[in-house]
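Dropping run_7.txt in here (compact mmCIF, C-alpha atoms):
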```txt
# COMPACT_ATOMS: atom_id res chain seq x y z
CA MET T 1 -10.26 -27.35 -109.12
CA ALA T 2 -10.30 -23.94 -107.49
CA LYS T 3 -11.68 -23.65 -104.01
CA ALA T 4 -14.07 -20.79 -103.43
CA ARG T 5 -16.28 -19.41 -100.75
CA VAL T 6 -19.47 -17.48 -101.42
CA LEU T 7 -20.81 -15.16 -98.74
CA ILE T 8 -24.48 -14.26 -99.03
CA ARG T 9 -26.09 -11.62 -96.87
CA PRO T 10 -29.41 -9.80 -96.70
CA LYS T 11 -29.28 -6.57 -98.65
CA GLU T 12 -28.70 -3.39 -96.70
CA GLY T 13 -31.99 -1.96 -95.50
CA ILE T 14 -33.87 -5.26 -95.53
CA LEU T 15 -35.05 -6.24 -92.08
CA ASP T 16 -33.13 -9.30 -90.87
CA PRO T 17 -35.16 -10.78 -88.01
CA GLN T 18 -32.59 -13.54 -87.47
CA GLY T 19 -29.90 -10.98 -86.85
CA LYS T 20 -32.23 -9.07 -84.53
CA ALA T 21 -33.01 -12.22 -82.55
CA VAL T 22 -29.32 -12.99 -82.12
CA GLU T 23 -28.63 -9.41 -81.11
CA ARG T 24 -31.39 -9.47 -78.49
CA ALA T 25 -30.03 -12.70 -77.00
CA LEU T 26 -26.54 -11.32 -76.44
CA PRO T 27 -27.06 -9.14 -73.33
CA ALA T 28 -28.55 -12.11 -71.47
CA LEU T 29 -25.26 -13.91 -72.03
CA GLY T 30 -23.24 -10.96 -70.78
CA PHE T 31 -22.12 -9.68 -74.19
CA GLU T 32 -22.57 -5.93 -74.20
CA GLY T 33 -21.96 -3.39 -76.92
CA ILE T 34 -22.71 -5.55 -79.94
CA GLU T 35 -25.09 -4.21 -82.52
CA HIS T 36 -26.19 -4.42 -86.17
CA VAL T 37 -26.00 -8.21 -86.24
CA ARG T 38 -26.87 -9.61 -89.67
CA VAL T 39 -27.14 -13.30 -90.41
CA GLY T 40 -26.31 -14.64 -93.86
CA ARG T 41 -25.05 -17.85 -95.42
CA MET T 42 -21.71 -19.19 -96.55
CA VAL T 43 -21.34 -21.69 -99.36
CA GLU T 44 -18.03 -23.48 -99.90
CA LEU T 45 -17.39 -25.11 -103.24
CA GLU T 46 -14.78 -26.25 -105.69
CA ALA T 47 -15.06 -25.13 -109.29
CA GLU T 48 -13.25 -26.08 -112.47
CA ASP T 49 -14.02 -22.68 -113.89
CA PRO T 50 -14.30 -19.96 -111.24
CA GLU T 51 -15.47 -17.60 -113.98
CA GLN T 52 -18.89 -19.28 -113.77
CA LEU T 53 -19.38 -18.41 -110.14
CA ALA T 54 -20.96 -14.99 -110.62
CA GLU T 55 -23.63 -16.44 -112.86
CA LEU T 56 -24.14 -19.31 -110.43
CA CYS T 57 -24.69 -16.79 -107.64
CA GLU T 58 -27.12 -14.71 -109.69
CA LYS T 59 -29.16 -17.72 -110.73
CA LEU T 60 -29.16 -19.92 -107.67
CA LEU T 61 -27.01 -19.22 -104.63
CA ALA T 62 -28.37 -15.72 -104.04
CA ASN T 63 -31.60 -13.95 -104.91
CA PRO T 64 -30.27 -10.59 -106.16
CA LEU T 65 -33.53 -8.89 -105.23
CA ILE T 66 -32.99 -9.48 -101.52
CA GLU T 67 -29.38 -10.62 -101.10
CA ASP T 68 -25.85 -9.46 -101.86
CA TYR T 69 -23.11 -11.96 -102.51
CA GLU T 70 -19.37 -11.93 -102.41
CA ILE T 71 -17.16 -14.54 -104.07
CA GLN T 72 -13.84 -15.31 -102.43
CA THR T 73 -11.51 -17.58 -104.39
CA LEU T 74 -9.12 -19.32 -102.04
CA MET K 1 -61.71 -27.86 -116.36
CA ILE K 2 -58.75 -30.15 -115.75
CA TRP K 3 -56.36 -28.98 -113.05
CA GLY K 4 -52.81 -30.12 -112.49
CA VAL K 5 -51.36 -29.88 -109.00
CA LEU K 6 -47.57 -30.08 -108.80
CA GLN K 7 -45.92 -32.25 -106.21
CA PHE K 8 -42.31 -31.72 -105.18
CA PRO K 9 -40.41 -33.70 -102.57
CA GLY K 10 -41.48 -31.81 -99.45
CA SER K 11 -44.81 -30.51 -100.75
CA CYS K 12 -47.47 -30.95 -98.10
CA ASP K 13 -50.62 -29.18 -99.29
CA GLU K 14 -51.08 -30.97 -102.60
CA ARG K 15 -53.91 -33.14 -101.23
CA ASP K 16 -56.01 -30.16 -100.13
CA ALA K 17 -55.24 -28.44 -103.44
CA LEU K 18 -56.41 -31.55 -105.34
CA HIS K 19 -59.57 -31.57 -103.26
CA ALA K 20 -60.27 -27.88 -103.88
CA CYS K 21 -59.64 -28.28 -107.62
CA SER K 22 -61.79 -31.39 -107.81
CA LEU K 23 -64.75 -29.33 -106.56
CA MET K 24 -64.38 -27.27 -109.73
CA GLY K 25 -63.52 -29.95 -112.26
CA GLU K 26 -61.04 -32.76 -112.49
CA ALA K 27 -57.71 -32.70 -110.69
CA ARG K 28 -54.46 -34.58 -111.29
CA LEU K 29 -51.19 -34.72 -109.47
CA ILE K 30 -48.09 -33.85 -111.49
CA TRP K 31 -44.77 -35.14 -110.16
CA HIS K 32 -41.94 -32.59 -110.22
CA GLU K 33 -39.84 -34.70 -112.60
CA SER K 34 -42.50 -34.61 -115.29
CA ARG K 35 -41.79 -32.22 -118.14
CA ASP K 36 -45.30 -32.87 -119.46
CA LEU K 37 -48.31 -31.23 -117.85
CA GLY K 38 -50.63 -33.60 -119.70
CA GLY K 39 -52.79 -30.97 -121.32
CA VAL K 40 -54.27 -29.51 -118.13
CA ASP K 41 -56.24 -26.24 -118.25
CA GLY K 42 -54.88 -24.81 -115.01
CA VAL K 43 -51.97 -25.44 -112.64
CA VAL K 44 -51.63 -25.14 -108.87
CA VAL K 45 -48.18 -24.94 -107.31
CA PRO K 46 -49.03 -25.99 -103.76
CA GLY K 47 -47.68 -25.20 -100.34
CA GLY K 48 -45.12 -27.09 -98.34
CA PHE K 49 -41.36 -27.17 -98.19
CA SER K 50 -40.23 -28.13 -101.68
CA TYR K 51 -36.76 -29.68 -101.63
CA GLY K 52 -36.66 -28.99 -97.91
CA ASP K 53 -36.59 -25.23 -98.57
CA TYR K 54 -32.83 -25.69 -98.84
CA LEU K 55 -30.89 -22.55 -99.75
CA ARG K 56 -34.05 -20.40 -99.90
CA ALA K 57 -37.71 -21.32 -100.04
CA GLY K 58 -38.53 -22.16 -103.65
CA ALA K 59 -34.99 -21.67 -104.91
CA ILE K 60 -34.40 -25.25 -106.02
CA ALA K 61 -37.95 -26.15 -107.04
CA ARG K 62 -37.87 -23.54 -109.77
CA PHE K 63 -35.32 -25.63 -111.68
CA SER K 64 -37.48 -28.76 -111.72
CA PRO K 65 -38.68 -30.11 -115.10
CA ALA K 66 -42.30 -29.52 -114.07
CA MET K 67 -41.58 -25.86 -113.34
CA GLU K 68 -39.99 -25.45 -116.78
CA ALA K 69 -43.24 -26.74 -118.21
CA VAL K 70 -45.24 -24.40 -115.94
CA ALA K 71 -43.19 -21.41 -117.13
CA GLU K 72 -44.07 -22.26 -120.73
CA PHE K 73 -47.71 -22.86 -119.79
CA ALA K 74 -47.83 -19.47 -118.05
CA ALA K 75 -46.15 -17.74 -120.98
CA GLY K 76 -48.91 -19.14 -123.18
CA GLY K 77 -51.54 -17.55 -120.93
CA GLY K 78 -52.44 -20.63 -118.88
CA PRO K 79 -53.79 -19.95 -115.39
CA VAL K 80 -51.26 -20.72 -112.64
CA LEU K 81 -51.97 -20.40 -108.92
CA GLY K 82 -49.07 -20.51 -106.47
CA ILE K 83 -49.99 -20.93 -102.84
CA CYS K 84 -47.55 -20.28 -99.97
CA ASN K 85 -44.45 -22.27 -100.98
CA GLY K 86 -45.91 -22.23 -104.49
CA PHE K 87 -45.90 -18.42 -104.34
CA GLN K 88 -42.25 -18.53 -103.25
CA VAL K 89 -41.44 -20.85 -106.16
CA LEU K 90 -43.17 -18.56 -108.68
CA CYS K 91 -41.27 -15.53 -107.33
CA GLU K 92 -37.96 -17.40 -107.49
CA ALA K 93 -38.81 -18.48 -111.04
CA GLY K 94 -39.36 -14.86 -112.02
CA LEU K 95 -43.00 -15.52 -112.96
CA LEU K 96 -44.11 -13.07 -110.26
CA PRO K 97 -42.42 -9.94 -108.94
CA GLY K 98 -40.88 -9.77 -105.48
CA ALA K 99 -39.65 -12.26 -102.89
CA LEU K 100 -40.79 -13.80 -99.62
CA LEU K 101 -38.66 -13.36 -96.50
CA ARG K 102 -38.77 -14.74 -93.00
CA ASN K 103 -41.69 -13.47 -90.93
CA GLU K 104 -40.88 -10.29 -89.07
CA GLU K 105 -41.39 -12.02 -85.72
CA LEU K 106 -39.56 -15.19 -86.84
CA ARG K 107 -42.39 -17.40 -85.60
CA PHE K 108 -44.27 -19.84 -87.77
CA LEU K 109 -47.82 -18.48 -88.07
CA CYS K 110 -51.05 -20.38 -88.41
CA ARG K 111 -54.21 -18.33 -88.21
CA GLN K 112 -57.29 -17.18 -90.07
CA VAL K 113 -56.89 -13.75 -91.70
CA ASP K 114 -59.06 -11.39 -93.68
CA LEU K 115 -57.85 -10.52 -97.14
CA VAL K 116 -59.07 -7.49 -98.98
CA ALA K 117 -59.21 -7.87 -102.75
CA ASP K 118 -57.26 -5.10 -104.41
CA GLY K 119 -57.86 -3.09 -101.28
CA SER K 120 -55.38 -0.33 -101.83
CA PRO K 121 -56.08 3.28 -101.07
CA SER K 122 -53.64 4.02 -103.86
CA PRO K 123 -55.48 5.94 -106.60
CA GLU K 124 -53.52 4.12 -109.32
CA LEU K 125 -55.40 0.96 -108.53
CA THR K 126 -58.68 2.50 -109.49
CA THR K 127 -57.46 3.39 -112.98
CA PRO K 128 -59.19 1.59 -115.83
CA GLU K 129 -55.90 -0.16 -116.60
CA GLY K 130 -55.78 -1.69 -113.14
CA GLY K 131 -59.39 -2.71 -113.38
CA GLN K 132 -58.86 -4.37 -116.73
CA LEU K 133 -55.91 -6.32 -115.41
CA ARG K 134 -58.06 -7.75 -112.65
CA LYS K 135 -60.67 -8.74 -115.21
CA ARG K 136 -58.00 -10.56 -117.19
CA SER K 137 -57.01 -12.58 -114.13
CA PRO K 138 -59.03 -15.81 -114.16
CA PHE K 139 -58.66 -16.42 -110.43
CA LEU K 140 -59.97 -12.97 -109.57
CA ALA K 141 -62.95 -13.14 -111.91
CA GLY K 142 -66.05 -12.59 -109.84
CA ILE K 143 -64.22 -11.07 -106.88
CA GLU K 144 -64.97 -7.40 -106.59
CA SER K 145 -62.37 -4.89 -105.55
CA GLY K 146 -62.73 -4.23 -101.82
CA GLU K 147 -64.33 -7.59 -101.04
CA THR K 148 -63.03 -9.40 -97.98
CA LEU K 149 -62.19 -13.10 -97.95
CA SER K 150 -61.47 -15.10 -94.80
CA ILE K 151 -58.61 -17.48 -95.52
CA PRO K 152 -55.96 -19.08 -93.28
CA VAL K 153 -52.23 -18.38 -93.38
CA LYS K 154 -49.60 -20.84 -92.19
CA HIS K 155 -45.99 -20.03 -92.93
CA GLY K 156 -42.62 -19.09 -91.53
CA GLU K 157 -41.39 -17.17 -94.55
CA GLY K 158 -44.26 -15.09 -95.82
CA ARG K 159 -43.03 -11.53 -95.57
CA TYR K 160 -43.59 -10.15 -99.04
CA TYR K 161 -40.83 -7.84 -100.17
CA ALA K 162 -40.01 -5.88 -103.28
CA PRO K 163 -37.95 -2.71 -103.66
CA GLU K 164 -39.94 0.53 -103.44
CA GLU K 165 -39.78 1.30 -107.18
CA MET K 166 -41.02 -2.19 -108.02
CA LEU K 167 -43.85 -1.82 -105.51
CA ASP K 168 -44.90 1.47 -107.07
CA GLU K 169 -44.92 -0.20 -110.48
CA ILE K 170 -46.92 -3.26 -109.50
CA GLU K 171 -49.43 -1.12 -107.65
CA ALA K 172 -49.78 1.23 -110.58
CA ARG K 173 -50.41 -1.72 -112.86
CA GLY K 174 -52.96 -3.16 -110.48
CA GLN K 175 -50.90 -6.29 -109.82
CA VAL K 176 -51.66 -6.38 -106.11
CA ALA K 177 -54.34 -9.05 -105.90
CA PHE K 178 -54.88 -9.13 -102.14
CA ARG K 179 -53.78 -7.23 -99.07
CA TYR K 180 -54.12 -8.26 -95.46
CA ALA K 181 -57.01 -6.37 -93.91
CA PRO K 182 -55.97 -3.32 -91.87
CA GLY K 183 -54.25 -4.39 -88.66
CA GLN K 184 -54.02 -8.04 -89.73
CA ASN K 185 -50.70 -8.11 -91.54
CA PRO K 186 -49.27 -11.22 -89.84
CA ASN K 187 -45.70 -11.23 -91.12
CA GLY K 188 -44.50 -7.70 -91.88
CA SER K 189 -45.21 -7.84 -95.63
CA VAL K 190 -44.54 -4.53 -97.34
CA ARG K 191 -47.69 -2.49 -97.99
CA ASP K 192 -49.71 -5.36 -96.44
CA ILE K 193 -49.39 -7.35 -99.67
CA ALA K 194 -50.68 -10.92 -99.41
CA GLY K 195 -50.83 -11.84 -103.09
CA VAL K 196 -49.81 -10.53 -106.50
CA ILE K 197 -50.55 -11.30 -110.13
CA ASN K 198 -48.20 -11.12 -113.10
CA GLU K 199 -48.48 -8.44 -115.76
CA ALA K 200 -50.72 -10.57 -117.96
CA GLY K 201 -52.94 -11.47 -115.00
CA ASN K 202 -52.92 -15.26 -115.54
CA VAL K 203 -50.43 -16.06 -112.76
CA LEU K 204 -51.47 -15.47 -109.15
CA GLY K 205 -49.39 -16.10 -106.06
CA LEU K 206 -50.53 -15.67 -102.49
CA MET K 207 -49.31 -16.67 -99.04
CA PRO K 208 -52.74 -17.49 -97.55
CA HIS K 209 -54.23 -20.88 -98.39
CA PRO K 210 -57.48 -20.75 -100.37
CA GLU K 211 -57.38 -24.56 -100.70
CA HIS K 212 -57.84 -24.81 -96.92
CA ALA K 213 -60.97 -22.67 -97.08
CA VAL K 214 -63.32 -24.66 -99.30
CA ASP K 215 -65.53 -26.42 -96.74
CA ALA K 216 -67.88 -24.80 -94.23
CA LEU K 217 -66.85 -27.47 -91.74
CA THR K 218 -63.43 -25.84 -91.44
CA GLY K 219 -64.77 -22.33 -91.00
CA SER K 220 -64.78 -20.62 -94.39
CA ILE K 221 -65.52 -21.39 -98.02
CA ASP K 222 -64.08 -18.11 -99.30
CA GLY K 223 -61.08 -19.86 -100.84
CA LEU K 224 -63.38 -21.57 -103.29
CA ARG K 225 -63.94 -18.22 -104.97
CA LEU K 226 -60.50 -18.33 -106.60
CA PHE K 227 -61.03 -21.82 -108.01
CA GLU K 228 -64.53 -20.90 -109.14
CA GLY K 229 -63.21 -17.86 -110.92
CA ALA K 230 -60.65 -19.85 -112.88
CA ALA K 231 -63.08 -22.66 -113.68
CA GLY K 232 -65.74 -20.17 -114.74
CA ALA K 233 -63.30 -18.35 -116.96
CA ARG K 234 -62.65 -21.57 -118.86
CA VAL K 235 -66.28 -22.50 -119.48
```

Let me see the file written as structure tokens.
Amino acid sequence: MAKARVLIRPKEGILDPQGKAVERALPALGFEGIEHVRVGRMVELEAEDPEQLAELCEKLLANPLIEDYEIQTL
Amino acid sequence: MIWGVLQFPGSCDERDALHACSLMGEARLIWHESRDLGGVDGVVVPGGFSYGDYLRAGAIARFSPAMEAVAEFAAGGGPVLGICNGFQVLCEAGLLPGALLRNEELRFLCRQVDLVADGSPSPELTTPEGGQLRKRSPFLAGIESGETLSIPVKHGEGRYYAPEEMLDEIEARGQVAFRYAPGQNPNGSVRDIAGVINEAGNVLGLMPHPEHAVDALTGSIDGLRLFEGAAGARV
């Protein structure tokens, strides 16, 4: 089994209100100078055939209309 | 008319949908594991949080046996209405264009809104082609372009999104069924879109809840218009 990690993030240009909310909270905690926060998801999995992962991402893990994904085999 | 209302684990509006449908015929609940729709004449994919909204709203429900049956039913021209989570499921299943994202302000919204039927200033929508598409849509039968319906919204992920080119296409084809009335877009949906139909017109998805607006006691009966339209189209 091959271990893999899939990173899924909102597509560039799509408003990410979660990222914005996190960004707005930072100054109150004393963190200055942090911007363009984007919040996505990470999925860890083990696959017999890592070749399937792209299709898996297209069909289920990500919605290609609104999200980009990146497969990292470990 | 016999209606089938899907029920997933996590659905929560199936009872109101059954009630609304039963005012316009007979209504049955269809469990998500059923591959057989039992010969119904119309299907409602109701609101809620199917499969806990895990991964993305609607992402897992689309793979249920019942949704496979609904895809076939829709391909055969059967009327399908997706409400709120049901709209998200139909988008994820590729039966409707676009996607639903988290509300712009992140808050869960619950309020009455005005919807304008096909209320676009876009000249493409007034083309005969657009008009014909609306006539082919059973749920929109009897609702004139520009009419306003008062219907509640309640959702956390209702921001309609599609890329610009796709938006131009669906507008040109007259696939925008409803827009939020000017100044009432509650969630940041692109071009104020509240509901869309598929290219054939038989599948409608919308974030607002027509099934919660079928009794004067709760403030509005405008939601009934959609069920009436579909039932009338079958008579």

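With the cut-off set to 10 Å and only C-alpha atoms counted, chain T residues close to chain K are Pro10, Ile14, Leu15, Asp16, Pro17, Gln18, Lys20, Ala21, Arg41, Val43, Lys59, Leu60, Leu61, Ala62, Asn63, Leu65 and Ile66 of chain T.
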
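Pairwise distance (CA of Leu7 in chain T, CA of Glu70 in chain T) equals 5.1 Å.
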
Quiz item: Which neighbours of Gly205 in chain K fall inside 12 Å, counting all atoms listed in the file, when residues of the same chain fewer than 2 positions from it are skipped, and could you give them as a PyMOL selection string?
Solution: chain K and resi 43-47+79-100+137+139-140+158+160+175-178+193-198+201-203+207-210+226

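The gap separating CA of Ser11 in chain K from CA of Ala75 in chain K is 24.0 Å, in Å to one decimal.
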
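One distance worth recording is that between CA of Pro186 in chain K and CA of Leu149 in chain K, which is 15.4 Å.
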
Self-check item: Contact residues around Ala4 in chain T with all atoms listed in the file at 9 Å, ignoring same-chain residues under 4 positions, as a count of residues only
Solution: 11

Practice problem: Using all atoms listed in the file, find the one residue out of T:Ile8, T:Ala28, T:Cys57, T:Val22 that sits nearest to Met42 in chain T. | Solution: T:Ile8

Self-check item: Residue list as number ranges by chain for point (-26.9, -4.6, -83.4), cut-off 8 Å, all atoms listed in the file
Solution: T: 19-20, 23, 34-37
